[in-house]
Amino acid sequence: MDSFSSKDMALRAQKKILSTMANKTSVQMFIDDTTSEILDELYHISKDFSGNKTEAQKVIKNLIKIAVKIGVLFRNNRFSTEELGTAQEFKKKLHQGAMTAISFYEVDFTFDKAVMEDLLTSCRDLLLKLVNSHLTTKSHGRINHVFNHYSNPELLTKLYDPNGPFRPNLTKICKGLNKLVEDGTI
């Protein structure tokens, strides 16, 4: 039996093309301005925390590639009913994470790194479950790379230090997250 499908081939080509063009200009057609601003702040935090510009760029590029690929899968109705349930769980967990991040920011000294680590780990696991049969092992590695990077307890502790160097970045991130929550994006 020949299992050729032009639709599947087109989807694979679309994912491949998008993964090679994950730069700021091309991504703007997939990612709104608010999200782009949040990504810029996450980049600066990563770069300053790691002291490695290349690593910071790689983390953000991986985050963008994953977001765009999942967007392509959604637009092409590739998820089963069960997977759509997982996607809803992910969206709820992401919303909870955003609300928690904002709360920790707004109320000094309430930050709990174990809570943030747990939320990020739960988001990662749900995302991996969602894309399990749709994306390659390399993409799964990208998801792990992004979530492991941002759930680093040292990074999170520095990020939420009210007198720390990342306070202005966190302010911009939380302002953006608030807007995304209000808009119903997350």
# chains A, B, ... in the order shown; residues from 1 in each chain; ligands from 1
>>> residues_around(residues="region 101-114 of chain A", least_positions_apart="5", cutoff="10 Å", atoms="only C-alpha atoms", output="JSON, numbers by chain")
{"A": [95, 96, 119, 120, 151, 152, 153, 154, 155, 156, 157, 159, 160, 161, 162, 163, 167, 170, 171, 173, 174, 175, 176, 177, 178]}
>>> residues_around(residues="Tyr43 (chain A)", least_positions_apart="6", cutoff="7 Å", atoms="only C-alpha atoms", output="JSON list (two decimals) with all heavy atoms, in the first residue's frame")
[["chain", "number", "residue", "atom", "x", "y", "z"],
["A", 56, "ALA", "N", 21.99, 32.05, 24.37],
["A", 56, "ALA", "CA", 20.74, 32.80, 24.55],
["A", 56, "ALA", "C", 19.95, 32.85, 23.25],
["A", 56, "ALA", "O", 18.73, 32.66, 23.24],
["A", 56, "ALA", "CB", 21.05, 34.21, 25.05],
["A", 57, "GLN", "N", 20.64, 33.07, 22.13],
["A", 57, "GLN", "CA", 19.97, 33.09, 20.82],
["A", 57, "GLN", "C", 19.39, 31.72, 20.49],
["A", 57, "GLN", "O", 18.27, 31.62, 19.98],
["A", 57, "GLN", "CB", 20.95, 33.52, 19.73],
["A", 57, "GLN", "CG", 21.31, 34.98, 19.80],
["A", 57, "GLN", "CD", 22.42, 35.37, 18.82],
["A", 57, "GLN", "OE1", 23.16, 34.52, 18.32],
["A", 57, "GLN", "NE2", 22.54, 36.66, 18.56],
["A", 60, "ILE", "N", 16.09, 31.03, 22.48],
["A", 60, "ILE", "CA", 14.95, 31.78, 21.92],
["A", 60, "ILE", "C", 14.56, 31.23, 20.55],
["A", 60, "ILE", "O", 13.37, 31.07, 20.24],
["A", 60, "ILE", "CB", 15.26, 33.30, 21.85],
["A", 60, "ILE", "CG1", 15.44, 33.87, 23.26],
["A", 60, "ILE", "CG2", 14.16, 34.04, 21.09],
["A", 60, "ILE", "CD1", 14.23, 33.73, 24.18]]
>>> closest_residue(among="A:Leu180, A:Leu135, A:Cys123, A:Ala87", to="Ile38 (chain A)", atoms="only C-alpha atoms")
A:Leu180
>>> closest_residue(among="A:Phe147, A:Phe166, A:Phe90, A:Phe79", to="Phe49 (chain A)", atoms="only C-alpha atoms")
A:Phe166
>>> atom_distance(atom1="CA of Asn148 (chain A)", atom2="CA of Thr136 (chain A)")
18.3 Å
>>> closest_residue(among="A:Thr35, A:Ser46, A:Ser133, A:Thr185", to="Lys58 (chain A)", atoms="only C-alpha atoms")
A:Ser46
>>> residues_around(residues="Leu128 (chain A)", least_positions_apart="4", cutoff="8 Å", atoms="only C-alpha atoms", output="CSV table (one decimal) with C-alpha atoms, in the first residue's frame")
chain,number,residue,atom,x,y,z
A,124,ARG,CA,7.1,21.0,29.3
A,132,ASN,CA,4.9,13.3,20.7
A,140,HIS,CA,11.5,17.3,21.5
A,143,ILE,CA,11.4,21.7,24.0
>>> select_by_dssp(residues="region 59-154 of chain A", states="helix (DSSP H, G or I)", output="VMD selection string")
chain A and resid 59 to 75 81 to 106 113 to 131 137 to 150 153 to 154
>>> write_last_selection(atoms="C-alpha atoms", output="PDB file, in the first residue's frame")
ATOM      1  CA  VAL A  59      17.179  29.073  23.400  1.00  0.00           C
ATOM      2  CA  ILE A  60      14.950  31.780  21.922  1.00  0.00           C
ATOM      3  CA  LYS A  61      15.263  30.344  18.413  1.00  0.00           C
ATOM      4  CA  ASN A  62      14.231  26.914  19.756  1.00  0.00           C
ATOM      5  CA  LEU A  63      11.275  28.471  21.589  1.00  0.00           C
ATOM      6  CA  ILE A  64      10.138  30.233  18.413  1.00  0.00           C
ATOM      7  CA  LYS A  65      10.564  27.126  16.236  1.00  0.00           C
ATOM      8  CA  ILE A  66       8.444  25.058  18.600  1.00  0.00           C
ATOM      9  CA  ALA A  67       5.715  27.708  18.862  1.00  0.00           C
ATOM     10  CA  VAL A  68       5.544  28.117  15.084  1.00  0.00           C
ATOM     11  CA  LYS A  69       5.508  24.353  14.429  1.00  0.00           C
ATOM     12  CA  ILE A  70       2.700  23.813  16.932  1.00  0.00           C
ATOM     13  CA  GLY A  71       0.811  26.694  15.307  1.00  0.00           C
ATOM     14  CA  VAL A  72       1.195  25.006  11.908  1.00  0.00           C
ATOM     15  CA  LEU A  73      -0.072  21.704  13.331  1.00  0.00           C
ATOM     16  CA  PHE A  74      -3.129  23.457  14.832  1.00  0.00           C
ATOM     17  CA  ARG A  75      -3.931  25.341  11.635  1.00  0.00           C
ATOM     18  CA  THR A  81      -9.473  14.826  20.094  1.00  0.00           C
ATOM     19  CA  GLU A  82      -7.287  13.410  22.893  1.00  0.00           C
ATOM     20  CA  GLU A  83      -4.389  15.650  21.853  1.00  0.00           C
ATOM     21  CA  LEU A  84      -6.687  18.680  21.782  1.00  0.00           C
ATOM     22  CA  GLY A  85      -7.546  17.811  25.400  1.00  0.00           C
ATOM     23  CA  THR A  86      -3.819  17.821  26.186  1.00  0.00           C
ATOM     24  CA  ALA A  87      -3.527  21.173  24.393  1.00  0.00           C
ATOM     25  CA  GLN A  88      -6.309  22.566  26.632  1.00  0.00           C
ATOM     26  CA  GLU A  89      -4.494  21.227  29.709  1.00  0.00           C
ATOM     27  CA  PHE A  90      -1.320  22.902  28.465  1.00  0.00           C
ATOM     28  CA  LYS A  91      -3.109  26.215  27.898  1.00  0.00           C
ATOM     29  CA  LYS A  92      -4.600  26.074  31.424  1.00  0.00           C
ATOM     30  CA  LYS A  93      -1.190  25.273  32.928  1.00  0.00           C
ATOM     31  CA  LEU A  94       0.435  28.065  30.894  1.00  0.00           C
ATOM     32  CA  HIS A  95      -2.256  30.488  32.110  1.00  0.00           C
ATOM     33  CA  GLN A  96      -1.664  29.341  35.700  1.00  0.00           C
ATOM     34  CA  GLY A  97       2.091  29.817  35.179  1.00  0.00           C
ATOM     35  CA  ALA A  98       1.594  33.337  33.818  1.00  0.00           C
ATOM     36  CA  MET A  99      -0.683  34.288  36.719  1.00  0.00           C
ATOM     37  CA  THR A 100       1.801  32.833  39.221  1.00  0.00           C
ATOM     38  CA  ALA A 101       4.732  34.635  37.567  1.00  0.00           C
ATOM     39  CA  ILE A 102       2.832  37.924  37.733  1.00  0.00           C
ATOM     40  CA  SER A 103       1.809  37.345  41.363  1.00  0.00           C
ATOM     41  CA  PHE A 104       5.393  36.556  42.425  1.00  0.00           C
ATOM     42  CA  TYR A 105       6.501  39.750  40.686  1.00  0.00           C
ATOM     43  CA  GLU A 106       3.800  41.979  42.171  1.00  0.00           C
ATOM     44  CA  LYS A 113      11.291  28.596  43.014  1.00  0.00           C
ATOM     45  CA  ALA A 114       9.863  25.101  43.630  1.00  0.00           C
ATOM     46  CA  VAL A 115       6.409  26.300  42.531  1.00  0.00           C
ATOM     47  CA  MET A 116       7.794  27.937  39.351  1.00  0.00           C
ATOM     48  CA  GLU A 117       9.978  24.925  38.560  1.00  0.00           C
ATOM     49  CA  ASP A 118       6.968  22.629  38.975  1.00  0.00           C
ATOM     50  CA  LEU A 119       4.764  24.787  36.725  1.00  0.00           C
ATOM     51  CA  LEU A 120       7.435  24.948  34.015  1.00  0.00           C
ATOM     52  CA  THR A 121       8.095  21.205  34.245  1.00  0.00           C
ATOM     53  CA  SER A 122       4.354  20.473  33.985  1.00  0.00           C
ATOM     54  CA  CYS A 123       4.102  22.744  30.915  1.00  0.00           C
ATOM     55  CA  ARG A 124       7.101  20.997  29.332  1.00  0.00           C
ATOM     56  CA  ASP A 125       5.652  17.527  29.963  1.00  0.00           C
ATOM     57  CA  LEU A 126       2.236  18.468  28.548  1.00  0.00           C
ATOM     58  CA  LEU A 127       3.865  20.006  25.478  1.00  0.00           C
ATOM     59  CA  LEU A 128       5.990  16.897  24.903  1.00  0.00           C
ATOM     60  CA  LYS A 129       2.856  14.745  25.240  1.00  0.00           C
ATOM     61  CA  LEU A 130       1.006  16.980  22.758  1.00  0.00           C
ATOM     62  CA  VAL A 131       3.658  16.821  20.027  1.00  0.00           C
ATOM     63  CA  THR A 137      13.212  13.826  18.428  1.00  0.00           C
ATOM     64  CA  LYS A 138      15.192  16.958  17.569  1.00  0.00           C
ATOM     65  CA  SER A 139      12.095  19.102  18.244  1.00  0.00           C
ATOM     66  CA  HIS A 140      11.510  17.254  21.524  1.00  0.00           C
ATOM     67  CA  GLY A 141      15.102  18.152  22.407  1.00  0.00           C
ATOM     68  CA  ARG A 142      14.344  21.789  21.629  1.00  0.00           C
ATOM     69  CA  ILE A 143      11.361  21.732  24.002  1.00  0.00           C
ATOM     70  CA  ASN A 144      13.523  20.217  26.748  1.00  0.00           C
ATOM     71  CA  HIS A 145      16.288  22.749  26.073  1.00  0.00           C
ATOM     72  CA  VAL A 146      13.937  25.739  26.428  1.00  0.00           C
ATOM     73  CA  PHE A 147      12.112  24.538  29.532  1.00  0.00           C
ATOM     74  CA  ASN A 148      15.232  23.240  31.275  1.00  0.00           C
ATOM     75  CA  HIS A 149      16.947  26.552  30.620  1.00  0.00           C
ATOM     76  CA  TYR A 150      14.174  28.731  32.052  1.00  0.00           C
ATOM     77  CA  PRO A 153      16.491  27.512  39.988  1.00  0.00           C
ATOM     78  CA  GLU A 154      19.498  29.872  39.982  1.00  0.00           C
TER      79      GLU A 154
END
>>> closest_residue(among="A:Ile186, A:Lys179, A:Asn169, A:Asn77", to="Asp40 (chain A)", atoms="only C-alpha atoms")
A:Asn169
>>> atom_distance(atom1="CA of Glu182 (chain A)", atom2="CA of Asp33 (chain A)")
14.8 Å
>>> closest_residue(among="A:Lys172, A:Lys47, A:Lys53, A:Lys158", to="Thr34 (chain A)", atoms="only C-alpha atoms")
A:Lys172
